[in-house]
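With mmCIF, C-alpha atoms inside, this is start.cif:
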```
data_query
loop_
_atom_site.label_atom_id
_atom_site.label_comp_id
_atom_site.auth_asym_id
_atom_site.auth_seq_id
_atom_site.Cartn_x
_atom_site.Cartn_y
_atom_site.Cartn_z
CA MET A 946 112.06 121.53 104.11
CA ASN A 947 113.21 123.02 100.80
CA GLY A 948 111.49 122.74 97.45
CA LEU A 949 113.77 120.00 96.14
CA GLN A 950 113.09 117.67 99.04
CA ASN A 951 109.40 118.47 98.85
CA PHE A 952 109.47 117.41 95.18
CA ILE A 953 111.51 114.23 95.80
CA PHE A 954 109.41 112.96 98.69
CA GLY A 955 106.05 114.49 97.82
CA ILE A 956 105.72 114.41 94.02
CA TYR A 957 108.43 112.10 92.70
CA PRO A 958 106.86 108.98 94.30
CA TYR A 959 103.73 109.45 92.19
CA ILE A 960 105.77 110.02 89.03
CA ALA A 961 107.76 106.83 89.70
CA LEU A 962 104.66 104.74 90.44
CA THR A 963 102.79 106.07 87.40
CA VAL A 964 105.68 105.28 85.05
CA PHE A 965 106.12 101.90 86.76
CA LEU A 966 102.51 100.82 86.20
CA LEU A 967 101.70 102.44 82.85
CA GLY A 968 105.15 101.73 81.42
CA SER A 969 104.88 98.04 82.30
CA LEU A 970 101.41 97.83 80.73
CA ILE A 971 102.50 99.59 77.53
CA ARG A 972 105.62 97.44 77.16
CA PHE A 973 103.60 94.26 77.61
CA ASP A 974 101.08 95.45 75.03
CA ARG A 975 103.53 96.73 72.40
CA ASP A 976 106.81 94.88 72.89
CA GLN A 977 106.18 91.41 74.29
CA TYR A 978 109.22 89.89 72.57
CA SER A 979 111.43 91.94 74.90
CA TRP A 980 109.52 90.75 77.97
CA LYS A 981 112.19 88.41 79.31
CA SER A 982 115.08 88.16 81.76
CA ASP A 983 117.75 87.81 79.03
CA SER A 984 119.63 85.06 80.84
CA SER A 985 123.34 84.73 80.06
CA GLN A 986 123.58 81.19 81.44
CA LEU A 987 124.48 79.71 78.04
CA LEU A 988 127.53 81.95 77.82
CA ARG A 989 128.90 81.08 81.25
CA LYS A 990 127.38 79.20 84.15
CA GLY A 991 130.15 80.06 86.59
CA GLN A 992 129.08 82.33 89.46
CA LEU A 993 125.53 82.54 88.11
CA ARG A 994 123.97 80.00 90.46
CA TRP A 995 125.37 81.53 93.65
CA GLY A 996 124.95 85.11 92.51
CA SER A 997 121.43 84.72 91.16
CA ASN A 998 120.13 82.67 94.08
CA LEU A 999 121.56 84.98 96.74
CA PHE A 1000 120.31 88.04 94.90
CA HIS A 1001 116.77 86.74 94.39
CA VAL A 1002 116.40 85.41 97.94
CA GLY A 1003 117.62 88.72 99.32
CA ILE A 1004 115.61 91.07 97.15
CA LEU A 1005 112.34 89.12 97.36
CA PHE A 1006 112.47 89.00 101.15
CA LEU A 1007 113.31 92.71 101.35
CA PHE A 1008 110.58 93.67 98.88
CA PHE A 1009 107.83 91.92 100.79
CA GLY A 1010 109.36 92.87 104.14
CA HIS A 1011 109.47 96.56 103.22
CA SER A 1012 105.95 96.42 101.77
CA VAL A 1013 104.42 94.85 104.87
CA GLY A 1014 106.55 96.77 107.36
CA MET A 1015 106.09 100.21 105.78
CA LEU A 1016 102.43 99.93 104.80
CA THR A 1017 101.01 98.25 107.90
CA PRO A 1018 99.59 100.86 110.31
CA HIS A 1019 101.10 100.90 113.77
CA PHE A 1020 97.79 100.15 115.53
CA VAL A 1021 97.51 96.82 113.68
CA TYR A 1022 100.63 95.25 115.21
CA GLU A 1023 100.86 97.34 118.40
CA PRO A 1024 98.92 94.78 120.53
CA PHE A 1025 101.43 92.06 119.56
CA ILE A 1026 104.81 93.76 119.27
CA SER A 1027 106.20 97.14 120.25
CA ALA A 1028 107.65 99.56 117.70
CA GLY A 1029 111.13 99.07 119.16
CA ASN A 1030 111.00 95.28 118.93
CA LYS A 1031 109.56 95.48 115.42
CA GLN A 1032 112.45 97.70 114.38
CA LEU A 1033 114.98 95.36 115.96
CA MET A 1034 113.43 92.41 114.10
CA ALA A 1035 113.57 94.42 110.88
CA MET A 1036 117.22 95.32 111.47
CA VAL A 1037 118.27 91.71 112.05
CA SER A 1038 116.26 90.11 109.24
CA GLY A 1039 116.83 93.01 106.85
CA GLY A 1040 120.54 92.99 107.59
CA LEU A 1041 120.83 89.26 106.95
CA PHE A 1042 118.86 89.20 103.71
CA GLY A 1043 120.32 92.54 102.66
CA LEU A 1044 123.76 90.96 102.97
CA PHE A 1045 122.57 88.01 100.86
CA GLY A 1046 121.35 90.38 98.16
CA PHE A 1047 124.48 92.54 98.30
CA VAL A 1048 126.81 89.56 97.90
CA GLY A 1049 124.61 88.15 95.14
CA VAL A 1050 124.45 91.34 93.09
CA SER A 1051 128.20 91.86 93.60
CA ILE A 1052 128.84 88.42 92.11
CA LEU A 1053 126.50 89.13 89.19
CA LEU A 1054 128.10 92.52 88.56
CA HIS A 1055 131.62 91.10 88.64
CA ARG A 1056 130.56 88.27 86.32
CA ARG A 1057 129.00 90.64 83.80
CA LEU A 1058 131.93 93.07 83.77
CA SER A 1059 134.80 90.59 83.88
CA ASP A 1060 133.63 88.19 81.16
CA ALA A 1061 134.23 89.67 77.69
CA ARG A 1062 131.49 87.62 76.00
CA ILE A 1063 128.84 88.49 78.58
CA ARG A 1064 129.79 92.15 78.57
CA ALA A 1065 129.66 92.26 74.77
CA THR A 1066 126.08 90.92 74.77
CA SER A 1067 124.95 93.12 77.68
CA LYS A 1068 122.79 96.16 77.17
CA THR A 1069 123.73 99.43 78.83
CA SER A 1070 120.57 99.12 80.90
CA ASP A 1071 121.75 95.75 82.27
CA ILE A 1072 124.96 97.19 83.67
CA VAL A 1073 123.34 100.41 84.93
CA LEU A 1074 120.64 98.37 86.65
CA LEU A 1075 123.18 96.16 88.44
CA TRP A 1076 125.09 99.23 89.65
CA LEU A 1077 121.87 100.80 90.93
CA LEU A 1078 120.88 97.61 92.75
CA TRP A 1079 124.39 97.33 94.21
CA ALA A 1080 124.19 100.92 95.51
CA GLN A 1081 120.68 100.32 96.85
CA PHE A 1082 121.76 97.27 98.84
CA ALA A 1083 124.79 99.18 100.14
CA LEU A 1084 122.64 102.10 101.27
CA GLY A 1085 120.16 99.73 102.88
CA LEU A 1086 122.91 98.08 104.90
CA ALA A 1087 124.25 101.53 105.84
CA THR A 1088 120.90 102.42 107.44
CA ILE A 1089 121.26 99.66 110.05
CA PRO A 1090 123.83 101.48 112.26
CA LEU A 1091 121.67 104.61 112.04
CA SER A 1092 118.56 102.65 113.03
CA ALA A 1093 120.48 101.31 116.03
CA GLN A 1094 120.60 104.89 117.33
CA HIS A 1095 116.79 104.97 117.49
CA LEU A 1096 115.88 101.65 119.08
CA ASP A 1097 112.61 103.09 120.33
CA GLY A 1098 111.30 102.72 116.78
CA GLY A 1099 110.67 106.43 116.35
CA MET A 1100 112.42 106.82 113.00
CA MET A 1101 110.83 103.64 111.67
CA LEU A 1102 107.37 105.00 112.54
CA LEU A 1103 108.12 108.25 110.70
CA LEU A 1104 109.27 106.39 107.57
CA ALA A 1105 106.23 104.13 107.69
CA GLU A 1106 103.91 107.10 108.15
CA TRP A 1107 105.50 108.76 105.12
CA ALA A 1108 104.86 105.67 102.96
CA GLN A 1109 101.28 105.32 104.22
CA ARG A 1110 100.50 108.98 103.51
CA ILE A 1111 101.91 108.62 100.00
CA VAL A 1112 99.79 105.59 99.09
CA THR A 1113 96.65 107.09 100.65
CA PHE A 1114 97.20 110.50 99.00
CA ARG A 1115 97.34 112.39 102.30
CA ALA A 1116 99.17 115.67 102.66
CA GLY A 1117 102.18 116.36 104.85
CA ALA A 1118 104.30 113.35 103.87
CA PRO A 1119 107.55 115.19 102.99
CA GLU A 1120 107.60 117.07 106.30
CA LEU A 1121 107.91 113.80 108.18
CA LEU A 1122 111.40 113.28 106.75
CA ALA A 1123 112.83 116.63 107.77
CA GLU A 1124 115.02 115.10 110.49
CA ALA A 1125 115.89 111.87 108.65
CA SER A 1126 119.53 111.16 107.77
CA TRP A 1127 120.67 111.63 104.18
CA VAL A 1128 121.36 107.88 104.06
CA PHE A 1129 117.67 107.11 104.59
CA LYS A 1130 116.71 109.73 102.02
CA ALA A 1131 119.21 108.46 99.44
CA HIS A 1132 117.98 104.88 100.00
CA MET A 1133 114.38 105.95 99.48
CA PHE A 1134 115.15 108.10 96.42
CA LEU A 1135 117.13 105.32 94.76
CA GLY A 1136 114.36 102.83 95.52
CA MET A 1137 111.80 105.07 93.82
CA SER A 1138 114.17 105.55 90.88
CA ILE A 1139 114.42 101.77 90.40
CA PHE A 1140 110.63 101.66 90.14
CA LEU A 1141 110.85 104.50 87.61
CA ILE A 1142 113.21 102.63 85.26
CA PHE A 1143 111.56 99.25 85.89
CA PRO A 1144 109.54 99.13 82.62
CA PHE A 1145 112.62 99.89 80.51
CA THR A 1146 114.82 97.08 81.86
CA ARG A 1147 114.84 93.31 82.24
CA LEU A 1148 113.09 93.77 85.59
CA VAL A 1149 109.73 93.48 83.81
CA HIS A 1150 110.09 89.69 84.02
CA VAL A 1151 109.17 90.05 87.70
CA TRP A 1152 105.55 90.54 86.61
CA SER A 1153 105.66 87.13 84.94
CA GLY A 1154 106.81 85.58 88.20
CA PHE A 1155 103.77 86.96 89.98
CA GLY A 1156 101.62 85.95 87.03
CA THR A 1157 102.44 82.27 87.57
CA LEU A 1158 100.25 82.39 90.69
CA ALA A 1159 97.27 82.32 88.31
CA TYR A 1160 98.14 78.70 87.48
CA VAL A 1161 96.94 77.72 90.95
CA ALA A 1162 93.35 78.43 89.93
CA ARG A 1163 93.74 77.35 86.30
CA PRO A 1164 91.48 74.45 85.17
CA TYR A 1165 93.10 71.15 84.41
CA GLN A 1166 94.24 70.74 80.82
CA VAL A 1167 92.76 67.66 79.16
CA VAL A 1168 95.18 65.94 76.79
CA ARG A 1169 93.92 63.17 74.51
CA SER A 1170 96.23 60.68 72.90
CA ARG A 1171 96.42 60.61 69.11
CA ARG A 1172 96.00 56.83 69.33
CA VAL A 1173 92.52 56.98 70.87
CA GLY A 1174 90.19 54.79 68.80
CA MET A 1175 93.04 53.22 66.81
CA THR A 1176 93.79 49.50 66.69
CA PRO A 1177 96.86 48.72 68.80
CA GLN A 1178 99.87 47.81 66.68
CA ALA A 1179 102.46 45.17 67.44
CA PRO A 1180 105.94 46.31 68.45
CA LEU A 1181 108.36 46.81 65.56
CA SER A 1182 110.45 43.85 66.77
CA GLN A 1183 107.47 41.52 66.22
CA ARG A 1184 106.38 42.79 62.83
CA GLY A 1185 107.09 40.65 59.79
CA ARG A 1186 107.27 37.44 61.77
#
```

In structure tokens, write the structure found in this file.
Amino acid sequence: MNGLQNFIFGIYPYIALTVFLLGSLIRFDRDQYSWKSDSSQLLRKGQLRWGSNLFHVGILFLFFGHSVGMLTPHFVYEPFISAGNKQLMAMVSGGLFGLFGFVGVSILLHRRLSDARIRATSKTSDIVLLWLLWAQFALGLATIPLSAQHLDGGMMLLLAEWAQRIVTFRAGAPELLAEASWVFKAHMFLGMSIFLIFPFTRLVHVWSGFGTLAYVARPYQVVRSRRVGMTPQAPLSQRGR
């Protein structure tokens, strides 16, 4: 494996994750007024409901699916499901929700580029982000035919081992991808790049979504009426009689 690939799959992941975490923290601390999704619903509702719902359903499923699938050691699920069957399940579910996300982001991209008012109020980062997400979904869908050539789950195990070595700071992670197709590598590189630019885009509002889980354990809020202790007054219709 050459030096470039060793950098991309051995060092770049840590750069992306560091910028992702520290950048998000710094933006929240210094620029909270920009911590929002910048919805364009007021400008035009058309296409937004379908595009946004399909995109969010697709990307949330894929995010948690990739996280669990890539970071769960093989020995944990081996007694219940084989690597081949796990890969087949990932191909079917990932393909379905990947298609949802791809259609959704395509609608959102078309809406943002075709409407003059929305495009005029869009930041460059908004359009670049949509293009990156569109390419990422396309690459993800393109990996399915390649995965079908390794139904024994061998390639999936290598990709998962790479991710697990990265998060546990173990050596030898880049070497695992020596035989992987360029489609897998491009998909992984673009995914890391999205994490890298995360703090500088509207994606930061995702943290707020996770933050709402804190409301589950939040104490009840006691609200007292301003009329407590006051003498009840007659309705206006009865006054002056």

Residues matched by the PyMOL selection byres ((chain A and resi 1113-1115) around 12), written as JSON, numbers by chain = {"A": [955, 956, 958, 959, 1016, 1018, 1106, 1107, 1108, 1109, 1110, 1111, 1112, 1116, 1117, 1118, 1119, 1120]}

Out of A:Leu1044, A:Phe1134, A:Val1128, A:Ala1105, which residue has the shortest atom-to-atom distance to Leu1084 in chain A when counting all atoms listed in the file?
->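 Nearest candidate to Leu1084 in chain A out of A:Leu1044, A:Phe1134, A:Val1128, A:Ala1105: A:Val1128.
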
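Put simply, the PyMOL selection byres ((chain A and resi 1083) around 12) on this file hits Gly1040, Gly1043, Leu1044, Phe1045, Gly1046, Phe1047, Val1048, Val1050, Ser1051, Trp1076, Leu1077, Leu1078, Trp1079, Ala1080, Gln1081, Phe1082, Leu1084, Gly1085, Leu1086, Ala1087, Thr1088, Ile1089, Val1128, Phe1129, Ala1131, His1132, Leu1135 and Gly1136 of chain A.
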
Between A:Asn998, A:Ser1092, A:Leu1103, A:Leu1141, smallest distance to Ile960 in chain A by only C-alpha atoms belongs to A:Leu1141

Pairwise distance for CA of Ala961 in chain A and CA of Met1100 in chain A, rounded to one decimal in Å =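 So the two atoms, CA of Ala961 in chain A and CA of Met1100 in chain A, lie 23.8 Å apart.
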
Would you work out the distance separating CA of Val1073 in chain A from CA of Phe1143 in chain A, expressed in Å to one decimal?
->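 Going from CA of Val1073 in chain A over to CA of Phe1143 in chain A covers 11.9 Å.
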
Radius query 7 Å about (119.0, 92.1, 77.2), atoms used: all atoms listed in the file, as a PyMOL selection string | chain A and resi 983+1067-1068+1071+1147

Evaluate the PyMOL selection byres ((chain A and resi 1034) around 12) and report residues as a list in words = Gly1010, Gly1014, Ile1026, Ser1027, Ala1028, Gly1029, Asn1030, Lys1031, Gln1032, Leu1033, Ala1035, Met1036, Val1037, Ser1038, Gly1039, Gly1040, Leu1041, Ile1089, Ser1092, Ala1093, Leu1096, Gly1098 and Met1101 of chain A

Take the selection from the previous step and output its residues with C-alpha atoms, as a short mmCIF file (atom, residue, chain, number, x, y, z; two decimals), keeping the file's coordinate frame.
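Everything below was put into part.cif:
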```cif
data_model
loop_
_atom_site.label_atom_id
_atom_site.label_comp_id
_atom_site.auth_asym_id
_atom_site.auth_seq_id
_atom_site.Cartn_x
_atom_site.Cartn_y
_atom_site.Cartn_z
CA GLY A 1010 109.36 92.87 104.14
CA GLY A 1014 106.55 96.77 107.36
CA ILE A 1026 104.81 93.76 119.27
CA SER A 1027 106.20 97.14 120.25
CA ALA A 1028 107.65 99.56 117.70
CA GLY A 1029 111.13 99.07 119.16
CA ASN A 1030 111.00 95.28 118.93
CA LYS A 1031 109.56 95.48 115.42
CA GLN A 1032 112.45 97.70 114.38
CA LEU A 1033 114.98 95.36 115.96
CA ALA A 1035 113.57 94.42 110.88
CA MET A 1036 117.22 95.32 111.47
CA VAL A 1037 118.27 91.71 112.05
CA SER A 1038 116.26 90.11 109.24
CA GLY A 1039 116.83 93.01 106.85
CA GLY A 1040 120.54 92.99 107.59
CA LEU A 1041 120.83 89.26 106.95
CA ILE A 1089 121.26 99.66 110.05
CA SER A 1092 118.56 102.65 113.03
CA ALA A 1093 120.48 101.31 116.03
CA LEU A 1096 115.88 101.65 119.08
CA GLY A 1098 111.30 102.72 116.78
CA MET A 1101 110.83 103.64 111.67
#
```

Interatomic distance (Å, one decimal) between CA of Lys1130 in chain A and CA of Ile953 in chain A | 9.3 Å

Using all atoms listed in the file, find the one residue out of A:His1150, A:Val1168, A:Glu1124, A:Val1161 that sits nearest to Gln950 in chain A.
->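 Nearest candidate to Gln950 in chain A out of A:His1150, A:Val1168, A:Glu1124, A:Val1161: A:Glu1124.
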